[in-house]
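Asker: Here's a structure for you.
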Amino acid sequence: MSREPSIPAMGDAVSGRERSSPAAVGSARFRRIMGHYPTGVTIVTAVGRDGTPVGLTANSVTSVSLDPPLVLVCVSEKSSSLGAILANGAFAVNILGAGAAATAVRFAEGRRTDRFDDVAFTVKEGGGPVLEGAVAWMTCGLYRTFEAGDHVILVGKVNDGEAAGGDPLVFVRGRYEDLTTAGDRPGSGHCDGLLQPPGDQ
Ligand SMILES: Cc1cc2nc3c(=O)[nH]c(=O)nc-3n(C[C@H](O)[C@H](O)[C@H](O)COP(=O)(O)O)c2cc1C
């Protein structure tokens, strides 16, 4: 007799399984494991109540849904930017280009108030600061939030965005890399079907 798997209610912890699961892996090992999963690098920005721009380096950005277009980012509950993002109800995701490792470092350093000094940006309504030179960006209205461990999952509905193009910055095994040679490798190439579904603008 087959039994339907029970699906927990949205946002609920899977309490039974959580209790019976073995001890969690340590955070250093978890970081090392996840470090082998290459990601892009973004600066997630918003505007504070007093109009001050805030932003942090984040690589936990993932697309969630196409219709409506949803994206998520996991932000530490210790983040000094989190309050402004939640209060603003909107944020922007800036995808950094290959030459922008210094920007990623600047926006990852703790409690810096000078992150936006010498950085050219435009504040987009319904989002946050969009950084000049980003290879792509999107503005998002806050759609849902979920508490998850020591992070908050922010799901944003994408209102606007553009891909200016150019090679993205990549983060893997704790290092910033770029993709400048990837197009020359055998087997590499674009998959236009994935980039642009038929009928999409
Ligand atoms: C490559 C990289 C990716 C990061 N990704 C995230 C992330 O997804 N979420 C997060 O909360 N912090 C992330 N961080 C750490 C934050 O950038 C860092 O803690 C920053 O100081 C937070 O700034 P804030 O406290 O002013 O918001 C990342 C750091 C690096 C270097």
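Here's how to read the names in the structure tokens: chain A, B, ... by the order shown, residue numbers from 1 in each chain, ligand numbers from 1 in the order shown.
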Taking only C-alpha atoms and all ligand atoms into account, report as a PDB file with N, CA and C atoms, in the first residue's frame which residues have an atom no farther than 10 Å from an atom of ligand 1.

Answerer:
```pdb
ATOM      1  N   GLY A  35      31.271  25.528   0.239  1.00  0.00           N
ATOM      2  CA  GLY A  35      32.284  26.257  -0.543  1.00  0.00           C
ATOM      3  C   GLY A  35      32.567  25.602  -1.884  1.00  0.00           C
ATOM      4  N   THR A  39      28.998  30.002  -6.590  1.00  0.00           N
ATOM      5  CA  THR A  39      27.859  30.927  -6.702  1.00  0.00           C
ATOM      6  C   THR A  39      28.334  32.220  -7.357  1.00  0.00           C
ATOM      7  N   GLY A  40      27.362  33.018  -7.784  1.00  0.00           N
ATOM      8  CA  GLY A  40      27.665  34.393  -8.114  1.00  0.00           C
ATOM      9  C   GLY A  40      27.805  35.188  -6.831  1.00  0.00           C
ATOM     10  N   VAL A  41      28.096  36.460  -6.982  1.00  0.00           N
ATOM     11  CA  VAL A  41      28.248  37.335  -5.813  1.00  0.00           C
ATOM     12  C   VAL A  41      27.376  38.568  -6.045  1.00  0.00           C
ATOM     13  N   THR A  42      26.568  38.889  -5.046  1.00  0.00           N
ATOM     14  CA  THR A  42      25.687  40.047  -5.186  1.00  0.00           C
ATOM     15  C   THR A  42      25.906  41.024  -4.038  1.00  0.00           C
ATOM     16  N   ILE A  43      25.473  42.244  -4.281  1.00  0.00           N
ATOM     17  CA  ILE A  43      25.310  43.215  -3.203  1.00  0.00           C
ATOM     18  C   ILE A  43      23.807  43.456  -3.089  1.00  0.00           C
ATOM     19  N   VAL A  44      23.262  43.089  -1.945  1.00  0.00           N
ATOM     20  CA  VAL A  44      21.829  43.305  -1.683  1.00  0.00           C
ATOM     21  C   VAL A  44      21.713  44.642  -0.957  1.00  0.00           C
ATOM     22  N   THR A  45      20.910  45.527  -1.517  1.00  0.00           N
ATOM     23  CA  THR A  45      20.840  46.899  -0.997  1.00  0.00           C
ATOM     24  C   THR A  45      19.405  47.293  -0.646  1.00  0.00           C
ATOM     25  N   VAL A  54      21.940  51.123   2.501  1.00  0.00           N
ATOM     26  CA  VAL A  54      22.577  50.002   3.198  1.00  0.00           C
ATOM     27  C   VAL A  54      22.795  48.885   2.180  1.00  0.00           C
ATOM     28  N   GLY A  55      23.760  48.035   2.466  1.00  0.00           N
ATOM     29  CA  GLY A  55      24.004  46.930   1.545  1.00  0.00           C
ATOM     30  C   GLY A  55      24.987  45.945   2.113  1.00  0.00           C
ATOM     31  N   LEU A  56      24.840  44.708   1.720  1.00  0.00           N
ATOM     32  CA  LEU A  56      25.774  43.667   2.151  1.00  0.00           C
ATOM     33  C   LEU A  56      26.057  42.714   1.006  1.00  0.00           C
ATOM     34  N   THR A  57      27.231  42.124   1.047  1.00  0.00           N
ATOM     35  CA  THR A  57      27.580  41.084   0.085  1.00  0.00           C
ATOM     36  C   THR A  57      26.776  39.832   0.416  1.00  0.00           C
ATOM     37  N   ALA A  58      26.173  39.227  -0.588  1.00  0.00           N
ATOM     38  CA  ALA A  58      25.373  38.019  -0.349  1.00  0.00           C
ATOM     39  C   ALA A  58      25.488  37.068  -1.543  1.00  0.00           C
ATOM     40  N   ASN A  59      25.733  35.791  -1.232  1.00  0.00           N
ATOM     41  CA  ASN A  59      25.773  34.798  -2.317  1.00  0.00           C
ATOM     42  C   ASN A  59      24.662  33.762  -2.164  1.00  0.00           C
ATOM     43  N   SER A  60      23.738  34.015  -1.238  1.00  0.00           N
ATOM     44  CA  SER A  60      22.655  33.046  -1.018  1.00  0.00           C
ATOM     45  C   SER A  60      21.445  33.344  -1.900  1.00  0.00           C
ATOM     46  N   VAL A  61      21.645  34.132  -2.920  1.00  0.00           N
ATOM     47  CA  VAL A  61      20.538  34.524  -3.813  1.00  0.00           C
ATOM     48  C   VAL A  61      20.175  33.358  -4.735  1.00  0.00           C
ATOM     49  N   THR A  62      18.898  33.078  -4.830  1.00  0.00           N
ATOM     50  CA  THR A  62      18.407  31.978  -5.672  1.00  0.00           C
ATOM     51  C   THR A  62      17.075  32.380  -6.292  1.00  0.00           C
ATOM     52  N   LEU A  72      15.006  34.689  -3.794  1.00  0.00           N
ATOM     53  CA  LEU A  72      15.219  34.722  -2.347  1.00  0.00           C
ATOM     54  C   LEU A  72      16.656  35.049  -2.023  1.00  0.00           C
ATOM     55  N   VAL A  73      16.830  35.611  -0.844  1.00  0.00           N
ATOM     56  CA  VAL A  73      18.167  35.791  -0.281  1.00  0.00           C
ATOM     57  C   VAL A  73      18.061  35.520   1.213  1.00  0.00           C
ATOM     58  N   CYS A  74      19.056  34.832   1.752  1.00  0.00           N
ATOM     59  CA  CYS A  74      19.071  34.524   3.184  1.00  0.00           C
ATOM     60  C   CYS A  74      19.992  35.536   3.854  1.00  0.00           C
ATOM     61  N   VAL A  75      19.450  36.284   4.801  1.00  0.00           N
ATOM     62  CA  VAL A  75      20.242  37.327   5.468  1.00  0.00           C
ATOM     63  C   VAL A  75      20.347  36.975   6.952  1.00  0.00           C
ATOM     64  N   SER A  76      21.553  37.069   7.466  1.00  0.00           N
ATOM     65  CA  SER A  76      21.807  36.759   8.875  1.00  0.00           C
ATOM     66  C   SER A  76      20.963  37.652   9.776  1.00  0.00           C
ATOM     67  N   GLU A  77      20.470  37.054  10.855  1.00  0.00           N
ATOM     68  CA  GLU A  77      19.700  37.891  11.793  1.00  0.00           C
ATOM     69  C   GLU A  77      20.600  38.911  12.486  1.00  0.00           C
ATOM     70  N   LYS A  78      21.928  38.728  12.362  1.00  0.00           N
ATOM     71  CA  LYS A  78      22.863  39.704  12.949  1.00  0.00           C
ATOM     72  C   LYS A  78      23.175  40.846  11.976  1.00  0.00           C
ATOM     73  N   SER A  79      22.712  40.750  10.749  1.00  0.00           N
ATOM     74  CA  SER A  79      23.042  41.764   9.742  1.00  0.00           C
ATOM     75  C   SER A  79      22.517  43.139  10.148  1.00  0.00           C
ATOM     76  N   SER A  80      23.384  44.139  10.022  1.00  0.00           N
ATOM     77  CA  SER A  80      22.951  45.499  10.351  1.00  0.00           C
ATOM     78  C   SER A  80      22.072  46.077   9.236  1.00  0.00           C
ATOM     79  N   SER A  81      22.047  45.420   8.072  1.00  0.00           N
ATOM     80  CA  SER A  81      21.221  45.889   6.954  1.00  0.00           C
ATOM     81  C   SER A  81      19.802  45.335   7.021  1.00  0.00           C
ATOM     82  N   LEU A  82      19.620  44.253   7.769  1.00  0.00           N
ATOM     83  CA  LEU A  82      18.336  43.541   7.742  1.00  0.00           C
ATOM     84  C   LEU A  82      17.163  44.438   8.144  1.00  0.00           C
ATOM     85  N   GLY A  83      17.345  45.219   9.213  1.00  0.00           N
ATOM     86  CA  GLY A  83      16.262  46.086   9.694  1.00  0.00           C
ATOM     87  C   GLY A  83      15.796  47.045   8.618  1.00  0.00           C
ATOM     88  N   ALA A  84      16.749  47.630   7.899  1.00  0.00           N
ATOM     89  CA  ALA A  84      16.406  48.593   6.846  1.00  0.00           C
ATOM     90  C   ALA A  84      15.680  47.901   5.698  1.00  0.00           C
ATOM     91  N   ILE A  85      16.123  46.695   5.361  1.00  0.00           N
ATOM     92  CA  ILE A  85      15.466  45.962   4.258  1.00  0.00           C
ATOM     93  C   ILE A  85      14.018  45.658   4.634  1.00  0.00           C
ATOM     94  N   ALA A 101      35.717  42.188  -7.247  1.00  0.00           N
ATOM     95  CA  ALA A 101      35.984  41.503  -5.968  1.00  0.00           C
ATOM     96  C   ALA A 101      36.181  42.507  -4.831  1.00  0.00           C
ATOM     97  N   ALA A 104      32.941  43.416  -3.395  1.00  0.00           N
ATOM     98  CA  ALA A 104      32.415  42.317  -2.563  1.00  0.00           C
ATOM     99  C   ALA A 104      33.085  42.333  -1.190  1.00  0.00           C
ATOM    100  N   VAL A 105      34.381  42.554  -1.162  1.00  0.00           N
ATOM    101  CA  VAL A 105      35.119  42.583   0.116  1.00  0.00           C
ATOM    102  C   VAL A 105      34.626  43.746   0.966  1.00  0.00           C
ATOM    103  N   ARG A 106      34.483  44.905   0.346  1.00  0.00           N
ATOM    104  CA  ARG A 106      34.057  46.111   1.069  1.00  0.00           C
ATOM    105  C   ARG A 106      32.681  45.920   1.721  1.00  0.00           C
ATOM    106  N   PHE A 107      31.755  45.302   0.964  1.00  0.00           N
ATOM    107  CA  PHE A 107      30.385  45.147   1.473  1.00  0.00           C
ATOM    108  C   PHE A 107      30.235  43.926   2.390  1.00  0.00           C
ATOM    109  N   ALA A 108      31.342  43.198   2.576  1.00  0.00           N
ATOM    110  CA  ALA A 108      31.291  42.055   3.504  1.00  0.00           C
ATOM    111  C   ALA A 108      31.968  42.388   4.822  1.00  0.00           C
ATOM    112  N   GLU A 109      32.752  43.467   4.835  1.00  0.00           N
ATOM    113  CA  GLU A 109      33.473  43.792   6.069  1.00  0.00           C
ATOM    114  C   GLU A 109      32.511  44.348   7.105  1.00  0.00           C
ATOM    115  N   GLY A 110      32.684  43.868   8.337  1.00  0.00           N
ATOM    116  CA  GLY A 110      31.728  44.156   9.416  1.00  0.00           C
ATOM    117  C   GLY A 110      31.605  45.632   9.756  1.00  0.00           C
ATOM    118  N   ARG A 111      30.369  46.057   9.926  1.00  0.00           N
ATOM    119  CA  ARG A 111      30.021  47.366  10.474  1.00  0.00           C
ATOM    120  C   ARG A 111      30.729  48.531   9.814  1.00  0.00           C
ATOM    121  N   ARG A 112      30.948  48.490   8.521  1.00  0.00           N
ATOM    122  CA  ARG A 112      31.551  49.643   7.841  1.00  0.00           C
ATOM    123  C   ARG A 112      30.472  50.637   7.471  1.00  0.00           C
ATOM    124  N   THR A 113      30.717  51.883   7.716  1.00  0.00           N
ATOM    125  CA  THR A 113      29.717  52.899   7.367  1.00  0.00           C
ATOM    126  C   THR A 113      30.069  53.561   6.037  1.00  0.00           C
ATOM    127  N   ARG A 115      30.667  52.029   3.123  1.00  0.00           N
ATOM    128  CA  ARG A 115      30.579  51.078   1.998  1.00  0.00           C
ATOM    129  C   ARG A 115      30.219  51.758   0.681  1.00  0.00           C
ATOM    130  N   ASP A 150      19.710  30.798  12.014  1.00  0.00           N
ATOM    131  CA  ASP A 150      20.223  32.129  12.364  1.00  0.00           C
ATOM    132  C   ASP A 150      20.097  33.118  11.196  1.00  0.00           C
ATOM    133  N   HIS A 151      19.332  32.758  10.182  1.00  0.00           N
ATOM    134  CA  HIS A 151      19.105  33.645   9.042  1.00  0.00           C
ATOM    135  C   HIS A 151      17.598  33.881   8.833  1.00  0.00           C
ATOM    136  N   VAL A 152      17.297  34.918   8.095  1.00  0.00           N
ATOM    137  CA  VAL A 152      15.925  35.183   7.673  1.00  0.00           C
ATOM    138  C   VAL A 152      15.903  35.046   6.152  1.00  0.00           C
ATOM    139  N   ILE A 153      14.973  34.245   5.666  1.00  0.00           N
ATOM    140  CA  ILE A 153      14.847  34.093   4.213  1.00  0.00           C
ATOM    141  C   ILE A 153      13.919  35.210   3.727  1.00  0.00           C
ATOM    142  N   LEU A 169      31.255  37.795 -11.385  1.00  0.00           N
ATOM    143  CA  LEU A 169      32.206  37.356 -10.362  1.00  0.00           C
ATOM    144  C   LEU A 169      31.683  36.045  -9.781  1.00  0.00           C
ATOM    145  N   VAL A 170      32.601  35.139  -9.463  1.00  0.00           N
ATOM    146  CA  VAL A 170      32.207  33.829  -8.926  1.00  0.00           C
ATOM    147  C   VAL A 170      32.910  33.621  -7.587  1.00  0.00           C
ATOM    148  N   PHE A 171      32.200  33.017  -6.651  1.00  0.00           N
ATOM    149  CA  PHE A 171      32.774  32.698  -5.342  1.00  0.00           C
ATOM    150  C   PHE A 171      32.757  31.191  -5.179  1.00  0.00           C
ATOM    151  N   VAL A 172      33.926  30.620  -4.953  1.00  0.00           N
ATOM    152  CA  VAL A 172      34.008  29.167  -4.793  1.00  0.00           C
ATOM    153  C   VAL A 172      35.193  28.832  -3.882  1.00  0.00           C
ATOM    154  N   ARG A 173      35.002  27.882  -2.982  1.00  0.00           N
ATOM    155  CA  ARG A 173      36.022  27.461  -2.018  1.00  0.00           C
ATOM    156  C   ARG A 173      36.673  28.653  -1.323  1.00  0.00           C
ATOM    157  N   GLY A 174      35.830  29.639  -0.977  1.00  0.00           N
ATOM    158  CA  GLY A 174      36.318  30.789  -0.209  1.00  0.00           C
ATOM    159  C   GLY A 174      37.093  31.805  -1.008  1.00  0.00           C
ATOM    160  N   ARG A 175      37.081  31.663  -2.339  1.00  0.00           N
ATOM    161  CA  ARG A 175      37.856  32.594  -3.181  1.00  0.00           C
ATOM    162  C   ARG A 175      36.975  33.219  -4.253  1.00  0.00           C
ATOM    163  N   TYR A 176      37.357  34.425  -4.654  1.00  0.00           N
ATOM    164  CA  TYR A 176      36.694  35.070  -5.787  1.00  0.00           C
ATOM    165  C   TYR A 176      37.403  34.631  -7.063  1.00  0.00           C
TER     166      TYR A 176
END
```

Asker: Using atom CA of Ala120 of chain A and atom CA of Lys157 of chain A as the two end points, give the distance in Å to one decimal.

Answerer: 24.9 Å

Asker: Assign secondary structure with DSSP using the backbone only, and return the residues of segment 9-201 of chain A in strand (DSSP E) as an MDAnalysis selection string.

Answerer: chainID A and resid 39:40 42:47 53:58 62:65 70:76 90:95 121:123 129:131 136:148 151:163 169:172 175:178

Asker: Restricted to C-alpha atoms, what would the selected residues look like written as a PDB file, in the first residue's frame?

Answerer:
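Now in result_8.pdb:
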```
ATOM      1  CA  THR A  39      27.859  30.927  -6.702  1.00  0.00           C
ATOM      2  CA  GLY A  40      27.665  34.393  -8.114  1.00  0.00           C
ATOM      3  CA  THR A  42      25.687  40.047  -5.186  1.00  0.00           C
ATOM      4  CA  ILE A  43      25.310  43.215  -3.203  1.00  0.00           C
ATOM      5  CA  VAL A  44      21.829  43.305  -1.683  1.00  0.00           C
ATOM      6  CA  THR A  45      20.840  46.899  -0.997  1.00  0.00           C
ATOM      7  CA  ALA A  46      18.012  48.924   0.487  1.00  0.00           C
ATOM      8  CA  VAL A  47      17.406  52.415   1.773  1.00  0.00           C
ATOM      9  CA  PRO A  53      21.794  53.384   1.655  1.00  0.00           C
ATOM     10  CA  VAL A  54      22.577  50.002   3.198  1.00  0.00           C
ATOM     11  CA  GLY A  55      24.004  46.930   1.545  1.00  0.00           C
ATOM     12  CA  LEU A  56      25.774  43.667   2.151  1.00  0.00           C
ATOM     13  CA  THR A  57      27.580  41.084   0.085  1.00  0.00           C
ATOM     14  CA  ALA A  58      25.373  38.019  -0.349  1.00  0.00           C
ATOM     15  CA  THR A  62      18.407  31.978  -5.672  1.00  0.00           C
ATOM     16  CA  SER A  63      15.551  32.273  -8.109  1.00  0.00           C
ATOM     17  CA  VAL A  64      12.367  30.729  -6.685  1.00  0.00           C
ATOM     18  CA  SER A  65       9.519  31.115  -9.160  1.00  0.00           C
ATOM     19  CA  LEU A  70      10.418  35.477  -7.159  1.00  0.00           C
ATOM     20  CA  VAL A  71      13.937  35.489  -5.826  1.00  0.00           C
ATOM     21  CA  LEU A  72      15.219  34.722  -2.347  1.00  0.00           C
ATOM     22  CA  VAL A  73      18.167  35.791  -0.281  1.00  0.00           C
ATOM     23  CA  CYS A  74      19.071  34.524   3.184  1.00  0.00           C
ATOM     24  CA  VAL A  75      20.242  37.327   5.468  1.00  0.00           C
ATOM     25  CA  SER A  76      21.807  36.759   8.875  1.00  0.00           C
ATOM     26  CA  ALA A  90      11.936  46.350  -0.807  1.00  0.00           C
ATOM     27  CA  PHE A  91      15.495  45.623  -1.833  1.00  0.00           C
ATOM     28  CA  ALA A  92      17.739  45.484  -4.861  1.00  0.00           C
ATOM     29  CA  VAL A  93      20.044  42.670  -5.919  1.00  0.00           C
ATOM     30  CA  ASN A  94      23.194  43.747  -7.749  1.00  0.00           C
ATOM     31  CA  ILE A  95      25.060  40.932  -9.506  1.00  0.00           C
ATOM     32  CA  PHE A 121      24.723  54.138  -7.671  1.00  0.00           C
ATOM     33  CA  THR A 122      21.161  55.093  -8.505  1.00  0.00           C
ATOM     34  CA  VAL A 123      18.351  54.486  -6.037  1.00  0.00           C
ATOM     35  CA  PRO A 129      20.618  51.348  -4.700  1.00  0.00           C
ATOM     36  CA  VAL A 130      21.630  49.886  -8.052  1.00  0.00           C
ATOM     37  CA  LEU A 131      25.403  49.944  -8.375  1.00  0.00           C
ATOM     38  CA  ALA A 136      22.769  42.585 -13.829  1.00  0.00           C
ATOM     39  CA  TRP A 137      20.380  43.944 -11.232  1.00  0.00           C
ATOM     40  CA  MET A 138      16.819  43.548 -10.035  1.00  0.00           C
ATOM     41  CA  THR A 139      14.520  45.426  -7.708  1.00  0.00           C
ATOM     42  CA  CYS A 140      12.236  43.423  -5.464  1.00  0.00           C
ATOM     43  CA  GLY A 141       9.253  44.108  -3.249  1.00  0.00           C
ATOM     44  CA  LEU A 142       9.307  42.014  -0.085  1.00  0.00           C
ATOM     45  CA  TYR A 143       6.863  39.163  -0.737  1.00  0.00           C
ATOM     46  CA  ARG A 144       7.422  36.762   2.209  1.00  0.00           C
ATOM     47  CA  THR A 145       9.881  36.282   5.049  1.00  0.00           C
ATOM     48  CA  PHE A 146      10.732  33.057   6.854  1.00  0.00           C
ATOM     49  CA  GLU A 147      12.858  32.541   9.920  1.00  0.00           C
ATOM     50  CA  ALA A 148      15.380  29.794   9.308  1.00  0.00           C
ATOM     51  CA  HIS A 151      19.105  33.645   9.042  1.00  0.00           C
ATOM     52  CA  VAL A 152      15.925  35.183   7.673  1.00  0.00           C
ATOM     53  CA  ILE A 153      14.847  34.093   4.213  1.00  0.00           C
ATOM     54  CA  LEU A 154      13.648  37.129   2.283  1.00  0.00           C
ATOM     55  CA  VAL A 155      11.543  36.307  -0.748  1.00  0.00           C
ATOM     56  CA  GLY A 156      11.242  39.227  -3.135  1.00  0.00           C
ATOM     57  CA  LYS A 157       8.908  39.760  -6.065  1.00  0.00           C
ATOM     58  CA  VAL A 158      10.998  41.085  -8.917  1.00  0.00           C
ATOM     59  CA  ASN A 159       9.518  44.345 -10.236  1.00  0.00           C
ATOM     60  CA  ASP A 160      12.257  45.473 -12.525  1.00  0.00           C
ATOM     61  CA  GLY A 161      15.727  44.527 -13.618  1.00  0.00           C
ATOM     62  CA  GLU A 162      18.214  44.368 -16.400  1.00  0.00           C
ATOM     63  CA  ALA A 163      21.159  42.299 -17.492  1.00  0.00           C
ATOM     64  CA  LEU A 169      32.206  37.356 -10.362  1.00  0.00           C
ATOM     65  CA  VAL A 170      32.207  33.829  -8.926  1.00  0.00           C
ATOM     66  CA  PHE A 171      32.774  32.698  -5.342  1.00  0.00           C
ATOM     67  CA  VAL A 172      34.008  29.167  -4.793  1.00  0.00           C
ATOM     68  CA  ARG A 175      37.856  32.594  -3.181  1.00  0.00           C
ATOM     69  CA  TYR A 176      36.694  35.070  -5.787  1.00  0.00           C
ATOM     70  CA  GLU A 177      37.163  33.740  -9.311  1.00  0.00           C
ATOM     71  CA  ASP A 178      36.016  34.841 -12.722  1.00  0.00           C
TER      72      ASP A 178
END
```

Asker: What does the distance from atom CA of Gly51 of chain A to atom CA of Asp118 of chain A come to in Å, to one decimal?

Answerer: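 Calculated distance between atom CA of Gly51 of chain A and atom CA of Asp118 of chain A is 17.5 Å.
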
Asker: Would you mind listing what lies within 7 Å of Val135 of chain A as a PyMOL selection string, with only C-alpha atoms counted and same-chain residues fewer than 5 positions away left out?

Answerer: chain A and resi 95-97+163-166+168

Asker: If you measure from atom CA of Gly89 of chain A to atom CA of Thr52 of chain A, what distance in Å do you get, rounded to one decimal?

Answerer: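 Separation between atom CA of Gly89 of chain A and atom CA of Thr52 of chain A: 14.8 Å.
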
Asker: My list of candidates is A:Gly149, A:Gly99, A:Ala87, A:Val25. Which is closest to Gly127 of chain A when distances are computed with only C-alpha atoms?

Answerer: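 Of A:Gly149, A:Gly99, A:Ala87, A:Val25, the one nearest Gly127 of chain A, counting only C-alpha atoms, is A:Ala87.
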
Asker: So which residues of segment 24-161 of chain A fall under alpha helix (DSSP H) by DSSP, listed as a ChimeraX atom specification?

Answerer: /A:27-34,82-88,101-106
